[in-house]
Every structure is written in structure tokens, then in C-alpha cells.
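Participant: So I've got this file, target.cif, and it contains mmCIF, N, CA and C atoms:
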data_coords
loop_
_atom_site.group_PDB
_atom_site.id
_atom_site.type_symbol
_atom_site.label_atom_id
_atom_site.label_comp_id
_atom_site.auth_asym_id
_atom_site.auth_seq_id
_atom_site.Cartn_x
_atom_site.Cartn_y
_atom_site.Cartn_z
ATOM 1 N N MET V 275 -18.761 27.459 14.329
ATOM 2 C CA MET V 275 -17.655 26.900 15.087
ATOM 3 C C MET V 275 -18.084 26.469 16.481
ATOM 4 N N VAL V 276 -19.054 27.112 17.073
ATOM 5 C CA VAL V 276 -19.477 26.751 18.415
ATOM 6 C C VAL V 276 -19.955 25.307 18.445
ATOM 7 N N GLY V 277 -20.690 24.868 17.425
ATOM 8 C CA GLY V 277 -21.181 23.501 17.372
ATOM 9 C C GLY V 277 -20.053 22.487 17.339
ATOM 10 N N GLN V 278 -18.955 22.805 16.652
ATOM 11 C CA GLN V 278 -17.832 21.878 16.570
ATOM 12 C C GLN V 278 -17.157 21.695 17.922
ATOM 13 N N SER V 279 -16.892 22.783 18.635
ATOM 14 C CA SER V 279 -16.233 22.628 19.925
ATOM 15 C C SER V 279 -17.169 21.996 20.936
ATOM 16 N N GLU V 280 -18.449 22.255 20.830
ATOM 17 C CA GLU V 280 -19.397 21.613 21.744
ATOM 18 C C GLU V 280 -19.409 20.107 21.504
ATOM 19 N N ALA V 281 -19.346 19.700 20.263
ATOM 20 C CA ALA V 281 -19.343 18.277 19.932
ATOM 21 C C ALA V 281 -18.089 17.590 20.468
ATOM 22 N N GLN V 282 -16.963 18.282 20.475
ATOM 23 C CA GLN V 282 -15.715 17.694 20.962
ATOM 24 C C GLN V 282 -15.778 17.403 22.453
ATOM 25 N N PHE V 283 -16.583 18.145 23.189
ATOM 26 C CA PHE V 283 -16.653 17.965 24.632
ATOM 27 C C PHE V 283 -17.849 17.116 25.070
ATOM 28 N N THR V 284 -18.606 16.597 24.123
ATOM 29 C CA THR V 284 -19.761 15.783 24.473
ATOM 30 C C THR V 284 -19.337 14.546 25.253
ATOM 31 N N ALA V 285 -18.323 13.838 24.772
ATOM 32 C CA ALA V 285 -17.859 12.638 25.463
ATOM 33 C C ALA V 285 -17.340 12.972 26.854
ATOM 34 N N LEU V 286 -16.599 14.070 26.974
ATOM 35 C CA LEU V 286 -16.095 14.492 28.279
ATOM 36 C C LEU V 286 -17.244 14.797 29.223
ATOM 37 N N ARG V 287 -18.243 15.490 28.714
ATOM 38 C CA ARG V 287 -19.394 15.834 29.548
ATOM 39 C C ARG V 287 -20.088 14.575 30.051
ATOM 40 N N TYR V 288 -20.298 13.604 29.163
ATOM 41 C CA TYR V 288 -20.937 12.358 29.582
ATOM 42 C C TYR V 288 -20.073 11.608 30.586
ATOM 43 N N PHE V 289 -18.761 11.591 30.369
ATOM 44 C CA PHE V 289 -17.863 10.902 31.290
ATOM 45 C C PHE V 289 -17.903 11.544 32.675
ATOM 46 N N ALA V 290 -17.816 12.855 32.717
ATOM 47 C CA ALA V 290 -17.753 13.558 33.998
ATOM 48 C C ALA V 290 -19.091 13.574 34.724
ATOM 49 N N LEU V 291 -20.176 13.510 33.996
ATOM 50 C CA LEU V 291 -21.487 13.690 34.613
ATOM 51 C C LEU V 291 -22.326 12.428 34.656
ATOM 52 N N ASN V 292 -21.858 11.345 34.041
ATOM 53 C CA ASN V 292 -22.647 10.126 33.977
ATOM 54 C C ASN V 292 -22.982 9.620 35.384
ATOM 55 N N GLY V 293 -24.253 9.401 35.642
ATOM 56 C CA GLY V 293 -24.689 8.883 36.934
ATOM 57 C C GLY V 293 -24.711 9.917 38.041
ATOM 58 N N THR V 294 -24.598 11.183 37.696
ATOM 59 C CA THR V 294 -24.623 12.223 38.726
ATOM 60 C C THR V 294 -25.924 13.006 38.653
ATOM 61 N N ASP V 295 -26.250 13.640 39.737
ATOM 62 C CA ASP V 295 -27.463 14.453 39.807
ATOM 63 C C ASP V 295 -27.109 15.764 40.501
ATOM 64 N N HIS V 296 -26.760 16.771 39.713
ATOM 65 C CA HIS V 296 -26.320 18.046 40.277
ATOM 66 C C HIS V 296 -27.465 19.039 40.324
ATOM 67 N N ALA V 297 -27.382 19.874 41.309
ATOM 68 C CA ALA V 297 -28.427 20.880 41.502
ATOM 69 C C ALA V 297 -28.391 21.971 40.442
ATOM 70 N N ASP V 298 -27.201 22.247 39.907
ATOM 71 C CA ASP V 298 -27.100 23.350 38.955
ATOM 72 C C ASP V 298 -25.941 23.150 37.984
ATOM 73 N N HIS V 299 -25.893 24.007 36.989
ATOM 74 C CA HIS V 299 -24.851 23.924 35.970
ATOM 75 C C HIS V 299 -23.488 24.312 36.525
ATOM 76 N N GLY V 300 -23.466 25.159 37.519
ATOM 77 C CA GLY V 300 -22.190 25.557 38.118
ATOM 78 C C GLY V 300 -21.449 24.366 38.695
ATOM 79 N N THR V 301 -22.169 23.489 39.350
ATOM 80 C CA THR V 301 -21.566 22.284 39.917
ATOM 81 C C THR V 301 -21.076 21.364 38.809
ATOM 82 N N GLN V 302 -21.845 21.228 37.763
ATOM 83 C CA GLN V 302 -21.438 20.409 36.620
ATOM 84 C C GLN V 302 -20.177 20.979 35.982
ATOM 85 N N ASN V 303 -20.161 22.282 35.798
ATOM 86 C CA ASN V 303 -18.988 22.930 35.200
ATOM 87 C C ASN V 303 -17.751 22.724 36.064
ATOM 88 N N GLN V 304 -17.909 22.780 37.385
ATOM 89 C CA GLN V 304 -16.777 22.578 38.287
ATOM 90 C C GLN V 304 -16.222 21.164 38.158
ATOM 91 N N MET V 305 -17.091 20.173 37.991
ATOM 92 C CA MET V 305 -16.634 18.795 37.794
ATOM 93 C C MET V 305 -15.786 18.668 36.540
ATOM 94 N N ILE V 306 -16.241 19.284 35.464
ATOM 95 C CA ILE V 306 -15.495 19.238 34.209
ATOM 96 C C ILE V 306 -14.154 19.948 34.366
ATOM 97 N N TYR V 307 -14.164 21.110 35.006
ATOM 98 C CA TYR V 307 -12.926 21.855 35.244
ATOM 99 C C TYR V 307 -11.950 21.020 36.069
ATOM 100 N N ASP V 308 -12.435 20.371 37.129
ATOM 101 C CA ASP V 308 -11.577 19.552 37.989
ATOM 102 C C ASP V 308 -10.973 18.386 37.217
ATOM 103 N N TYR V 309 -11.774 17.764 36.355
ATOM 104 C CA TYR V 309 -11.271 16.641 35.552
ATOM 105 C C TYR V 309 -10.149 17.107 34.622
ATOM 106 N N ILE V 310 -10.364 18.211 33.927
ATOM 107 C CA ILE V 310 -9.352 18.724 33.007
ATOM 108 C C ILE V 310 -8.091 19.125 33.761
ATOM 109 N N ALA V 311 -8.245 19.771 34.911
ATOM 110 C CA ALA V 311 -7.084 20.182 35.703
ATOM 111 C C ALA V 311 -6.287 18.964 36.165
ATOM 112 N N ARG V 312 -6.975 17.929 36.642
ATOM 113 C CA ARG V 312 -6.289 16.715 37.092
ATOM 114 C C ARG V 312 -5.576 16.036 35.923
ATOM 115 N N ARG V 313 -6.243 15.967 34.785
ATOM 116 C CA ARG V 313 -5.642 15.342 33.609
ATOM 117 C C ARG V 313 -4.393 16.101 33.172
ATOM 118 N N ASN V 314 -4.458 17.422 33.202
ATOM 119 C CA ASN V 314 -3.303 18.229 32.806
ATOM 120 C C ASN V 314 -2.153 18.087 33.796
ATOM 121 N N GLN V 315 -2.459 17.947 35.095
ATOM 122 C CA GLN V 315 -1.416 17.785 36.108
ATOM 123 C C GLN V 315 -0.663 16.479 35.921
ATOM 124 N N HIS V 316 -1.322 15.473 35.362
ATOM 125 C CA HIS V 316 -0.715 14.158 35.202
ATOM 126 C C HIS V 316 -0.378 13.838 33.740
ATOM 127 N N ALA V 317 -0.253 14.871 32.932
ATOM 128 C CA ALA V 317 -0.026 14.677 31.492
ATOM 129 C C ALA V 317 1.296 13.974 31.204
ATOM 130 N N GLU V 318 2.290 14.134 32.038
ATOM 131 C CA GLU V 318 3.607 13.538 31.800
ATOM 132 C C GLU V 318 3.814 12.240 32.580
ATOM 133 N N ASP V 319 2.791 11.729 33.224
ATOM 134 C CA ASP V 319 2.881 10.491 33.999
ATOM 135 C C ASP V 319 2.999 9.304 33.040
ATOM 136 N N GLN V 320 4.186 8.695 32.978
ATOM 137 C CA GLN V 320 4.448 7.622 32.016
ATOM 138 C C GLN V 320 3.585 6.390 32.277
ATOM 139 N N LYS V 321 3.357 6.059 33.527
ATOM 140 C CA LYS V 321 2.526 4.898 33.854
ATOM 141 C C LYS V 321 1.101 5.111 33.354
ATOM 142 N N LEU V 322 0.582 6.299 33.573
ATOM 143 C CA LEU V 322 -0.756 6.627 33.094
ATOM 144 C C LEU V 322 -0.809 6.622 31.568
ATOM 145 N N ARG V 323 0.229 7.145 30.917
ATOM 146 C CA ARG V 323 0.276 7.140 29.445
ATOM 147 C C ARG V 323 0.243 5.717 28.888
ATOM 148 N N GLN V 324 0.941 4.792 29.552
ATOM 149 C CA GLN V 324 0.944 3.401 29.103
ATOM 150 C C GLN V 324 -0.457 2.789 29.217
ATOM 151 N N ILE V 325 -1.141 3.085 30.303
ATOM 152 C CA ILE V 325 -2.498 2.578 30.490
ATOM 153 C C ILE V 325 -3.421 3.123 29.407
ATOM 154 N N VAL V 326 -3.324 4.412 29.148
ATOM 155 C CA VAL V 326 -4.170 5.036 28.120
ATOM 156 C C VAL V 326 -3.838 4.468 26.746
ATOM 157 N N GLN V 327 -2.561 4.271 26.480
ATOM 158 C CA GLN V 327 -2.158 3.729 25.179
ATOM 159 C C GLN V 327 -2.709 2.321 24.991
ATOM 160 N N ARG V 328 -2.661 1.489 26.024
ATOM 161 C CA ARG V 328 -3.235 0.138 25.935
ATOM 162 C C ARG V 328 -4.739 0.205 25.712
ATOM 163 N N ALA V 329 -5.401 1.128 26.378
ATOM 164 C CA ALA V 329 -6.852 1.272 26.232
ATOM 165 C C ALA V 329 -7.206 1.730 24.817
ATOM 166 N N ASN V 330 -6.405 2.595 24.234
ATOM 167 C CA ASN V 330 -6.674 3.096 22.893
ATOM 168 C C ASN V 330 -6.489 2.016 21.834
ATOM 169 N N VAL V 331 -5.622 1.053 22.078
ATOM 170 C CA VAL V 331 -5.384 -0.039 21.132
ATOM 171 C C VAL V 331 -6.539 -1.025 21.161
ATOM 172 N N ALA V 332 -7.092 -1.238 22.342
ATOM 173 C CA ALA V 332 -8.154 -2.245 22.514
ATOM 174 C C ALA V 332 -9.427 -1.892 21.830
#
Turn the structure described in the file into C-alpha cells.

Facilitator:
Amino acid sequence: MVGQSEAQFTALRYFALNGTDHADHGTQNQMIYDYIARRNQHAEDQKLRQIVQRANVA
């Protein structure tokens, strides 16, 4: 099961870390945590949902 959940976060990891050069894994983990927290805070934002929905169709 560990391999399955790791695979689900591969895209997120690449998105959050692409083009970055961090000194350690703690900093990388904090970036991922911040992204998830921000996404969850804006989960009910209708304008953002419309943008994501258009992107998913394309």
C-alpha cells in the first residue's frame, strides 16, 4: 500500500518542487504541506473551481 499512496503524490511533489533547490527534506515537506493547506482553505472557492474545471476539460 505504501507504493500506491506514494505514486498518488508524485505529481504533487513534482508540482511543488519543480525548479526548486532545497537544502533538506524538511523544507521540501513544508512546501508540500503549505500547498495542501492552501488548497484546502480554498476548496469552496467557486471561481477557483470554475478555473480548475475548465483546465480539466482541456

Participant: List every residue of chain V that DSSP, applied to the backbone of this structure, assigns to helix (DSSP H, G or I), and report them as JSON, numbers by chain.

Facilitator: {"V": [276, 277, 278, 279, 280, 281, 282, 284, 285, 286, 287, 288, 289, 290, 291, 299, 300, 301, 302, 303, 304, 305, 306, 307, 308, 309, 310, 311, 312, 313, 314, 315, 320, 321, 322, 323, 324, 325, 326, 327, 328, 329, 330, 331]}

Participant: Hey, can you check how far atom N of V:Gln324 sits from atom N of V:Ala311?

Facilitator: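 Atom-to-atom, atom N of V:Gln324 and atom N of V:Ala311 are spaced 18.4 Å apart.
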
Participant: Which distance in Å separates atom CA of V:Arg328 and atom CA of V:Phe289, to one decimal?

Facilitator: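 Atom CA of V:Arg328 sits 18.9 Å away from atom CA of V:Phe289.
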
Participant: Taking all atoms of stretch 282-286 of chain V that appear in the file, build a box with edges along x, y and z, extend it by 3 Å on every side, and state its centre and edge lengths in Å to one decimal, as JSON.

Facilitator:
{"center_x": -17.7, "center_y": 15.5, "center_z": 24.8, "size_x": 10.0, "size_y": 11.6, "size_z": 14.7}

Participant: In Å, how far is it from atom CA of V:Tyr309 to atom N of V:Tyr288?

Facilitator: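 Computed distance, atom CA of V:Tyr309 to atom N of V:Tyr288, equals 11.5 Å.
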